[in-house]
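Below is the file upload-v4.cif, which contains mmCIF, C-alpha atoms.
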```
data_input
#
loop_
_atom_site.label_atom_id
_atom_site.label_comp_id
_atom_site.auth_asym_id
_atom_site.auth_seq_id
_atom_site.Cartn_x
_atom_site.Cartn_y
_atom_site.Cartn_z
CA MET V 1 -53.71 107.46 161.06
CA PRO V 2 -53.24 106.95 164.78
CA SER V 3 -54.55 109.64 167.04
CA ARG V 4 -52.40 111.93 169.14
CA GLY V 5 -50.93 110.01 172.06
CA GLN V 6 -50.92 106.60 170.34
CA VAL V 7 -48.12 104.60 168.77
CA GLY V 8 -49.02 103.20 165.36
CA VAL V 9 -47.37 100.50 163.27
CA THR V 10 -47.95 99.03 159.85
CA ALA V 11 -49.70 95.76 159.16
CA GLU V 12 -46.37 93.97 159.21
CA GLY V 13 -45.60 95.52 162.61
CA MET V 14 -42.16 96.72 161.48
CA LEU V 15 -42.32 100.43 160.61
CA GLU V 16 -42.82 102.86 163.48
CA ASP V 17 -45.02 105.93 163.42
CA LEU V 18 -42.43 108.27 164.95
CA ASP V 19 -44.64 111.34 164.77
CA ALA V 20 -47.34 109.71 166.89
CA ALA V 21 -44.79 108.39 169.36
CA ALA V 22 -43.16 111.82 169.67
CA LEU V 23 -46.52 113.53 170.21
CA ALA V 24 -47.40 110.99 172.91
CA TYR V 25 -44.04 111.64 174.57
CA ALA V 26 -44.65 115.39 174.47
CA ASP V 27 -48.10 114.91 176.13
CA ARG V 28 -46.72 112.68 178.88
CA ARG V 29 -43.83 115.07 179.53
CA GLU V 30 -46.17 117.94 180.35
CA GLY V 31 -46.87 117.98 184.07
CA ALA V 32 -44.77 114.86 184.72
CA THR V 33 -42.12 114.60 187.41
CA SER V 34 -38.46 114.51 186.40
CA ALA V 35 -38.35 110.74 186.92
CA GLU V 36 -41.48 110.18 184.83
CA ALA V 37 -40.18 112.47 182.08
CA GLU V 38 -36.88 110.60 182.00
CA ALA V 39 -38.65 107.26 181.79
CA SER V 40 -40.79 108.50 178.88
CA ARG V 41 -37.64 109.77 177.16
CA GLU V 42 -35.90 106.41 177.52
CA GLU V 43 -38.99 104.64 176.16
CA LEU V 44 -39.09 106.89 173.08
CA ILE V 45 -35.38 106.41 172.45
CA ARG V 46 -35.73 102.59 172.55
CA TYR V 47 -38.74 102.81 170.25
CA CYS V 48 -36.84 104.93 167.68
CA LEU V 49 -33.60 102.92 167.69
CA PRO V 50 -34.58 100.75 164.67
CA PHE V 51 -35.24 103.93 162.70
CA ALA V 52 -31.76 105.25 163.55
CA GLY V 53 -30.24 101.93 162.55
CA ARG V 54 -31.90 102.09 159.11
CA LEU V 55 -30.44 105.56 158.51
CA ALA V 56 -27.00 104.35 159.58
CA ARG V 57 -27.12 101.45 157.12
CA ARG V 58 -27.53 103.92 154.26
CA TYR V 59 -23.92 105.01 154.84
CA ARG V 60 -22.29 101.59 155.09
CA GLY V 61 -19.72 100.55 152.51
CA ARG V 62 -17.77 103.80 152.88
CA GLY V 63 -14.90 102.45 154.92
CA GLU V 64 -16.51 102.71 158.36
CA TYR V 65 -17.76 99.88 160.56
CA LEU V 66 -21.54 99.64 160.72
CA GLU V 67 -21.39 99.50 164.52
CA ASP V 68 -19.66 102.89 164.58
CA LEU V 69 -22.24 104.37 162.22
CA GLU V 70 -25.09 103.05 164.34
CA GLN V 71 -23.53 104.62 167.41
CA VAL V 72 -23.33 107.99 165.65
CA ALA V 73 -26.92 107.67 164.43
CA ARG V 74 -28.15 106.92 167.96
CA LEU V 75 -26.35 110.01 169.21
CA GLY V 76 -28.17 112.05 166.57
CA LEU V 77 -31.47 110.44 167.62
CA VAL V 78 -30.95 111.49 171.24
CA LYS V 79 -30.20 115.05 170.14
CA ALA V 80 -33.35 115.10 168.00
CA ILE V 81 -35.53 113.89 170.91
CA ASP V 82 -34.04 116.39 173.35
CA ARG V 83 -34.53 119.29 170.95
CA TYR V 84 -37.94 118.28 169.60
CA ASP V 85 -40.73 120.87 169.74
CA PRO V 86 -44.19 119.61 168.60
CA GLU V 87 -45.13 123.12 167.47
CA ARG V 88 -42.43 123.10 164.77
CA GLY V 89 -43.67 120.19 162.69
CA SER V 90 -42.98 116.52 162.05
CA PHE V 91 -40.62 114.73 164.38
CA THR V 92 -39.72 112.21 161.67
CA ALA V 93 -38.46 114.91 159.31
CA TYR V 94 -36.54 116.61 162.10
CA ALA V 95 -34.97 113.31 163.20
CA VAL V 96 -33.90 112.46 159.65
CA ILE V 97 -32.16 115.83 159.28
CA THR V 98 -30.47 115.61 162.69
CA ILE V 99 -29.28 112.02 162.36
CA SER V 100 -28.08 112.48 158.79
CA GLY V 101 -26.21 115.59 159.85
CA GLU V 102 -24.43 113.69 162.61
CA LEU V 103 -23.46 110.92 160.18
CA LYS V 104 -22.14 113.38 157.61
CA ARG V 105 -20.24 115.25 160.30
CA HIS V 106 -18.70 111.98 161.41
CA PHE V 107 -17.44 111.26 157.92
CA ARG V 108 -16.17 114.81 157.55
CA ASP V 109 -14.36 115.10 160.86
CA ARG V 110 -13.39 111.57 161.82
CA THR V 111 -12.70 109.52 158.74
CA TRP V 112 -10.29 111.68 156.75
CA GLY V 113 -6.74 110.44 157.12
CA VAL V 114 -5.36 113.94 156.42
CA HIS V 115 -6.83 117.20 157.66
CA VAL V 116 -8.63 118.91 154.79
CA PRO V 117 -10.67 122.14 155.04
CA ARG V 118 -14.40 121.60 155.33
CA ARG V 119 -15.23 123.43 152.11
CA VAL V 120 -12.84 121.15 150.20
CA GLN V 121 -14.33 118.05 151.84
CA ASP V 122 -17.85 119.08 150.85
CA LEU V 123 -16.76 119.92 147.32
CA SER V 124 -14.95 116.59 147.06
CA LEU V 125 -18.21 114.76 147.78
CA GLU V 126 -20.06 116.89 145.23
CA VAL V 127 -17.39 116.23 142.61
CA GLY V 128 -17.64 112.49 143.20
CA HIS V 129 -21.43 112.54 142.84
CA ALA V 130 -21.30 114.75 139.75
CA SER V 131 -18.65 112.52 138.21
CA MET V 132 -20.89 109.45 138.54
CA LEU V 133 -23.85 111.26 136.97
CA LEU V 134 -21.84 112.65 134.06
CA THR V 135 -20.13 109.31 133.46
CA SER V 136 -23.54 107.68 133.14
CA THR V 137 -24.79 110.43 130.83
CA LEU V 138 -21.68 110.85 128.64
CA ALA V 139 -20.61 107.18 128.67
CA ARG V 140 -17.10 108.36 129.50
CA THR V 141 -15.15 110.02 132.27
CA PRO V 142 -16.02 113.74 132.44
CA THR V 143 -13.31 116.36 132.06
CA THR V 144 -12.41 118.89 134.72
CA GLY V 145 -14.13 121.61 132.74
CA GLU V 146 -17.35 119.61 132.49
CA LEU V 147 -17.35 118.95 136.24
CA ALA V 148 -16.73 122.65 136.89
CA ASP V 149 -19.66 123.65 134.63
CA ARG V 150 -21.91 121.10 136.31
CA LEU V 151 -21.09 122.36 139.81
CA GLY V 152 -20.71 126.02 138.91
CA VAL V 153 -17.22 126.34 140.42
CA PRO V 154 -13.78 127.18 138.94
CA GLU V 155 -11.72 124.39 137.42
CA ALA V 156 -8.97 125.06 139.99
CA ALA V 157 -11.42 124.26 142.79
CA VAL V 158 -12.36 120.97 141.10
CA ARG V 159 -8.70 119.98 140.75
CA GLU V 160 -8.11 120.83 144.41
CA ALA V 161 -11.08 118.69 145.45
CA VAL V 162 -9.89 115.74 143.35
CA GLU V 163 -6.38 115.94 144.81
CA SER V 164 -7.74 116.30 148.34
CA ALA V 165 -9.88 113.19 147.93
CA ALA V 166 -6.67 111.16 148.12
CA GLY V 167 -6.32 112.37 151.71
CA TYR V 168 -9.47 110.52 152.78
CA SER V 169 -7.69 107.21 153.02
CA PRO V 170 -3.92 107.69 152.51
CA ALA V 171 -1.73 104.70 151.82
CA SER V 172 0.39 103.42 154.70
CA LEU V 173 4.13 103.96 154.39
CA ASN V 174 4.58 100.55 155.99
CA ALA V 175 2.53 98.75 153.37
CA PRO V 176 4.64 95.98 151.72
CA VAL V 177 5.36 96.40 148.01
CA ALA V 178 7.05 93.05 147.46
CA GLU V 179 5.78 89.54 147.93
CA ASP V 180 8.51 88.70 150.43
CA GLY V 181 7.71 91.83 152.44
CA ALA V 182 11.34 92.97 152.33
CA MET V 183 10.46 96.42 150.99
CA GLU V 184 7.82 98.86 152.18
CA PHE V 185 6.05 101.65 150.35
CA GLY V 186 7.96 104.27 152.32
CA ASP V 187 11.26 102.92 150.97
CA LEU V 188 10.26 104.07 147.48
CA LEU V 189 9.63 107.68 148.50
CA GLY V 190 12.12 110.48 148.87
CA GLY V 191 15.76 110.59 147.96
CA VAL V 192 19.14 111.75 149.14
CA ASP V 193 19.18 115.48 149.81
CA ALA V 194 22.46 116.83 148.51
CA ASP V 195 22.04 119.98 150.60
CA LEU V 196 22.34 117.95 153.81
CA GLU V 197 26.09 117.79 153.30
CA SER V 198 26.29 121.58 153.43
CA VAL V 199 24.35 121.94 156.69
CA THR V 200 27.48 121.58 158.82
CA ASP V 201 29.36 124.10 156.67
CA LYS V 202 26.50 126.60 156.95
CA LEU V 203 26.42 126.26 160.73
CA THR V 204 30.19 126.69 160.91
CA VAL V 205 30.11 129.80 158.73
CA THR V 206 27.33 131.26 160.88
CA ASP V 207 29.42 130.81 164.02
CA LEU V 208 32.52 132.30 162.35
CA LEU V 209 30.60 135.32 161.11
CA LEU V 210 29.60 136.10 164.68
CA ARG V 211 33.29 136.24 165.58
CA MET V 212 34.01 138.90 162.97
CA PRO V 213 33.68 142.65 163.63
CA ALA V 214 30.27 144.15 162.94
CA ARG V 215 31.53 146.15 159.97
CA GLU V 216 32.90 143.09 158.16
CA ARG V 217 29.69 141.16 158.84
CA ARG V 218 27.68 144.04 157.43
CA MET V 219 29.86 144.25 154.33
CA LEU V 220 29.60 140.52 153.65
CA ALA V 221 25.83 140.66 154.06
CA MET V 222 25.55 143.63 151.70
CA ARG V 223 27.80 141.98 149.11
CA PHE V 224 26.56 138.39 149.10
CA TYR V 225 23.01 138.66 150.44
CA GLY V 226 22.08 142.13 149.23
CA ASN V 227 23.99 141.74 145.91
CA ARG V 228 25.44 145.22 146.35
CA THR V 229 28.48 146.36 144.39
CA GLN V 230 31.69 147.44 146.08
CA ALA V 231 31.03 151.02 145.00
CA GLU V 232 27.60 150.98 146.61
CA ILE V 233 29.03 149.53 149.82
CA ALA V 234 31.75 152.17 149.86
CA ASP V 235 29.22 154.98 149.47
CA GLU V 236 27.08 153.67 152.30
CA LEU V 237 29.99 153.12 154.70
CA GLY V 238 31.76 156.34 153.77
CA ILE V 239 35.04 154.69 152.71
CA SER V 240 36.83 154.13 149.41
CA GLN V 241 36.08 151.28 147.06
CA MET V 242 39.71 150.11 147.41
CA HIS V 243 39.19 149.95 151.14
CA VAL V 244 36.04 147.85 150.67
CA SER V 245 37.86 145.50 148.30
CA ARG V 246 40.69 145.00 150.79
CA LEU V 247 38.32 144.39 153.71
CA LEU V 248 36.23 141.89 151.75
CA SER V 249 39.32 140.04 150.56
CA ARG V 250 40.71 139.84 154.08
CA ALA V 251 37.38 138.69 155.53
CA LEU V 252 36.95 135.94 152.92
CA THR V 253 40.54 134.79 153.39
CA TRP V 254 40.02 134.55 157.13
CA LEU V 255 36.77 132.64 156.68
CA ARG V 256 38.44 130.20 154.31
CA GLN V 257 41.29 129.55 156.72
CA ALA V 258 38.93 129.25 159.68
CA MET V 259 36.74 126.74 157.84
CA LEU V 260 39.77 124.48 157.31
CA SER V 261 41.03 124.72 160.85
CA ASP V 262 39.74 123.23 164.09
CA ASP V 263 41.03 126.32 165.93
CA PRO V 264 39.97 129.49 164.05
CA PRO V 265 42.96 131.80 163.44
CA HIS V 266 43.24 135.13 165.21
CA TRP V 267 41.37 137.91 163.43
CA GLU V 268 43.96 140.44 162.32
CA GLY V 269 43.28 143.74 163.99
CA GLU V 270 41.83 142.27 167.19
CA SER V 271 43.45 141.83 170.56
CA ARG V 272 44.56 138.37 171.62
CA GLY V 273 42.32 138.56 174.63
CA GLY V 274 39.29 138.45 172.37
CA ARG V 275 38.33 142.11 172.81
CA SER V 276 37.80 143.61 169.38
CA GLY V 277 38.85 147.11 168.33
CA MET V 278 42.01 149.16 168.39
CA GLN V 279 44.29 149.40 171.42
CA VAL V 280 46.72 152.17 172.28
CA ALA V 281 49.60 151.68 174.73
CA VAL V 282 52.12 154.36 175.76
CA ALA V 283 55.61 153.55 177.07
CA ARG V 284 58.80 155.60 177.53
CA ASP V 285 61.98 154.47 175.81
CA GLY V 286 64.67 156.80 177.03
CA ASP V 287 63.79 160.29 175.87
CA VAL V 288 61.24 159.02 173.38
CA LEU V 289 57.60 158.41 174.26
CA VAL V 290 56.47 155.38 172.18
CA VAL V 291 52.77 155.09 171.31
CA ARG V 292 52.11 151.52 170.25
CA VAL V 293 48.89 150.94 168.30
CA ARG V 294 47.26 147.56 167.68
CA GLY V 295 44.29 147.04 165.38
CA GLU V 296 42.68 149.00 162.59
CA VAL V 297 42.61 152.75 162.68
CA ASP V 298 39.31 153.81 161.14
CA ARG V 299 36.52 156.24 161.82
CA ASP V 300 35.28 154.05 164.68
CA THR V 301 38.65 154.02 166.51
CA ALA V 302 40.31 157.24 165.30
CA ASP V 303 39.12 159.27 168.29
CA ARG V 304 40.82 156.85 170.65
CA LEU V 305 44.14 157.36 168.84
CA ARG V 306 43.63 161.14 168.77
CA ILE V 307 43.20 161.23 172.55
CA GLY V 308 46.27 159.03 173.08
CA LEU V 309 48.48 161.17 170.85
CA ARG V 310 47.20 164.40 172.40
CA HIS V 311 48.16 163.25 175.89
CA ALA V 312 51.55 162.04 174.64
CA ILE V 313 52.42 165.25 172.82
CA ASN V 314 51.25 167.55 175.63
CA GLY V 315 53.02 165.57 178.33
CA LYS V 316 55.69 167.35 180.36
CA GLY V 317 59.28 166.68 179.49
CA VAL V 318 58.54 164.83 176.27
CA PRO V 319 61.10 165.74 173.56
CA ALA V 320 59.92 163.15 171.00
CA VAL V 321 56.90 161.00 170.23
CA LEU V 322 57.12 157.89 168.06
CA VAL V 323 53.98 156.11 166.86
CA ASP V 324 54.55 152.37 166.36
CA LEU V 325 52.18 151.03 163.70
CA ALA V 326 53.72 147.56 163.35
CA ALA V 327 50.46 145.90 164.53
CA VAL V 328 48.17 148.08 162.42
CA PRO V 329 46.91 146.35 159.25
CA LEU V 330 44.83 149.27 158.01
CA VAL V 331 44.55 153.04 158.31
CA ASP V 332 41.63 154.78 156.64
CA ALA V 333 40.96 158.46 155.95
CA ALA V 334 39.91 159.13 159.55
CA GLY V 335 43.17 157.66 160.83
CA VAL V 336 45.24 159.67 158.38
CA THR V 337 43.50 162.85 159.57
CA VAL V 338 44.40 162.05 163.18
CA LEU V 339 48.07 161.59 162.28
CA LEU V 340 48.12 164.84 160.27
CA ASP V 341 46.61 166.70 163.22
CA ALA V 342 49.20 165.10 165.51
CA VAL V 343 52.05 166.31 163.27
CA GLN V 344 50.73 169.88 163.50
CA ALA V 345 50.18 169.63 167.26
CA ALA V 346 53.74 168.29 167.75
CA ALA V 347 55.16 171.13 165.68
CA ARG V 348 53.36 173.69 167.82
CA ALA V 349 54.56 172.00 171.00
CA GLY V 350 58.12 171.67 169.72
CA VAL V 351 58.03 167.91 169.98
CA GLU V 352 59.68 165.67 167.40
CA PHE V 353 57.07 163.34 165.83
CA GLY V 354 57.58 160.18 163.84
CA VAL V 355 55.82 157.03 162.65
CA ALA V 356 57.64 153.69 162.64
CA GLY V 357 56.93 150.06 161.75
CA ALA V 358 54.20 150.82 159.21
CA GLN V 359 53.35 147.85 157.03
CA PRO V 360 53.89 148.37 153.28
CA TYR V 361 50.25 148.95 152.48
CA VAL V 362 49.81 151.37 155.40
CA ALA V 363 53.08 153.12 154.54
CA ARG V 364 51.91 153.79 151.00
CA ILE V 365 48.64 155.28 152.29
CA LEU V 366 50.51 157.55 154.68
CA ALA V 367 53.04 158.58 152.06
CA VAL V 368 50.46 159.69 149.50
CA SER V 369 48.55 161.49 152.27
CA GLY V 370 51.40 163.86 153.07
CA LEU V 371 53.02 161.95 155.91
CA ALA V 372 56.08 160.69 154.06
CA GLY V 373 58.27 163.09 156.06
CA VAL V 374 57.41 161.48 159.42
CA LEU V 375 57.82 157.85 158.34
CA ARG V 376 60.79 156.12 159.97
CA ARG V 377 62.39 153.11 158.36
CA ALA V 378 63.25 150.13 160.51
#
```
Can you present the structure in this file as structure tokens?
Amino acid sequence: MPSRGQVGVTAEGMLEDLDAAALAYADRREGATSAEAEASREELIRYCLPFAGRLARRYRGRGEYLEDLEQVARLGLVKAIDRYDPERGSFTAYAVITISGELKRHFRDRTWGVHVPRRVQDLSLEVGHASMLLTSTLARTPTTGELADRLGVPEAAVREAVESAAGYSPASLNAPVAEDGAMEFGDLLGGVDADLESVTDKLTVTDLLLRMPARERRMLAMRFYGNRTQAEIADELGISQMHVSRLLSRALTWLRQAMLSDDPPHWEGESRGGRSGMQVAVARDGDVLVVRVRGEVDRDTADRLRIGLRHAINGKGVPAVLVDLAAVPLVDAAGVTVLLDAVQAAARAGVEFGVAGAQPYVARILAVSGLAGVLRRA
């Protein structure tokens, strides 16, 4: 064995004694200037390059160019030299571990065509090695269960590793599949997505829903997304089931008409100016004060109508008040209550009160609610 500080070789002059060379480098580095230490480092690196090349050649044939593997091995050699401490043992053993680690890391991080978690990559290598051993022993391809028993892992993990191995070198979508090169591999994948035709309709419906009042949007969501019954919707909104049925029917009819039209129709119950909600306008027609109402009269808008009627009835010199409901498609319980209160207030004030222009559906609601006596026929 060569003594400390000497470089030894075999009789053939081919195999290096890396331990002796590393010890000599460590001795020269002590007390040397920075330039001398760097020169000694470069000399040791050049001396160990053949050793790094031999380790790199162990990994050839795995889809990587040998020149790339040698470059990675040399990087590992430099790291081993820079981190070497003579007090911790053999430099050769440390260099083997460091260089091999760099080569394995290169294969793990740089050569996979698809990103795969590290644990799956490592298991994929173990599965491949175990498969070769069991094939040699059993004279057949091992099953998933046999591989799992051999490696001590669940069968699901083995299947995941086998599937992930295909990501190491995925096939190119541009690879030709015909002799004339007219068709590529990517042409054979995928198919026509029938749902693509409905994308435009879904976007249109989304835009139309945003044009509807919040209550109708909520009801449609509860009915068709929440799978709620009309009775459940009525209980939550505090209205009758008949009212829910009518609102849903009107909303769906409007959506259907809007889907078939380039210019969506006006939403019944909204103002033409685009401002949603009920509107109340008061105008005098001779001795009669006419209160014209446009839009739905429900619990959200009933207070607005109550205020308008109160001012009309309590106005000075007003012998009669007529409520025009020709533009009102719906009156719910809250609206009926407002009209009943207005009848009583008009009676106390000595003002004649009437309701005109009510649509048939609204007229029936008012009639069964005790307002038949104030309805005026056109």
Determine, counting only C-alpha atoms, which protein, DNA and RNA residues have an atom within 9 Å of an atom of Ala342 in chain V; residues of the same chain fewer than 5 positions away are not included. Present the result as a list in words. Arg306, Leu309, Arg310, Ile313, Thr337, Ala347 and Phe353 of chain V
Can you turn the PyMOL selection byres ((chain V and resi 51) around 12) into a concrete residue list for this file, as a PyMOL selection string? chain V and resi 14-18+44-50+52-58+70+73-74+76-77+92-93+95-96+99-100
Between CA of Arg60 in chain V and CA of Gln121 in chain V, distance in Å (one decimal):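 Interatomic distance, CA of Arg60 in chain V to CA of Gln121 in chain V: 18.6 Å.
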Excluding range 322-324 of chain V and residues on its chain fewer than 3 positions from it, collect all residues at most 10 Å away from it, counting only C-alpha atoms, and give them as a list in words.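 That gives Val280, Ala281, Val282, Arg284, Asp285, Val288, Leu289, Val290, Val291, Arg292, Val293, Arg294, Leu309, Ala312, Ile313, Ala327, Val328, Leu339, Glu352, Phe353, Gly354, Val355, Ala356, Gly357, Ala358, Val374, Leu375 and Arg376 of chain V.
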Result set, the PyMOL selection byres ((chain V and resi 244-254) around 12) on current file, as a PyMOL selection string: chain V and resi 205+208-209+211-224+228-243+255-261+264-269+296+329-332+361
One decimal, in Å: what's the spacing between CA of Phe185 in chain V and CA of Ser124 in chain V?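 These atoms are spaced 26.0 Å apart.
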Hey, what's within 8 Å of range 142-149 of chain V if we count only C-alpha atoms and toss same-chain stuff fewer than 5 positions away? As a list in words, please? Val127, Ala130, Ser131, Leu134, Thr135, Pro154, Glu155, Val158 and Arg159 of chain V
Expected axis-aligned box over every listed atom of range 26-42 of chain V, 5 Å added per side, centre plus edges in Å to one decimal, as lines of an AutoDock Vina configuration file:
```
center_x = -42.0
center_y = 112.2
center_z = 180.9
size_x = 22.2
size_y = 21.6
size_z = 22.9
```
Just so the selection is clear, what residues does the PyMOL selection byres ((chain V and resi 336) around 12) cover here, as an MDAnalysis selection string? chainID V and resid 296:299 301:303 305:306 330:335 337:343 355 362:372
Separation of CA of Glu160 in chain V from CA of Arg118 in chain V in Å: 12.6 Å
Between V:Asp68, V:His311, V:Ala326, V:His129, single out the one closest to Ala349 in chain V, counting all atoms listed in the file.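 Nearest candidate to Ala349 in chain V out of V:Asp68, V:His311, V:Ala326, V:His129: V:His311.
Candidate residues V:Leu75, V:Leu133, V:Leu138, V:Ala22 were compared for distance to Glu87 in chain V, and the nearest is V:Ala22, using only C-alpha atoms.
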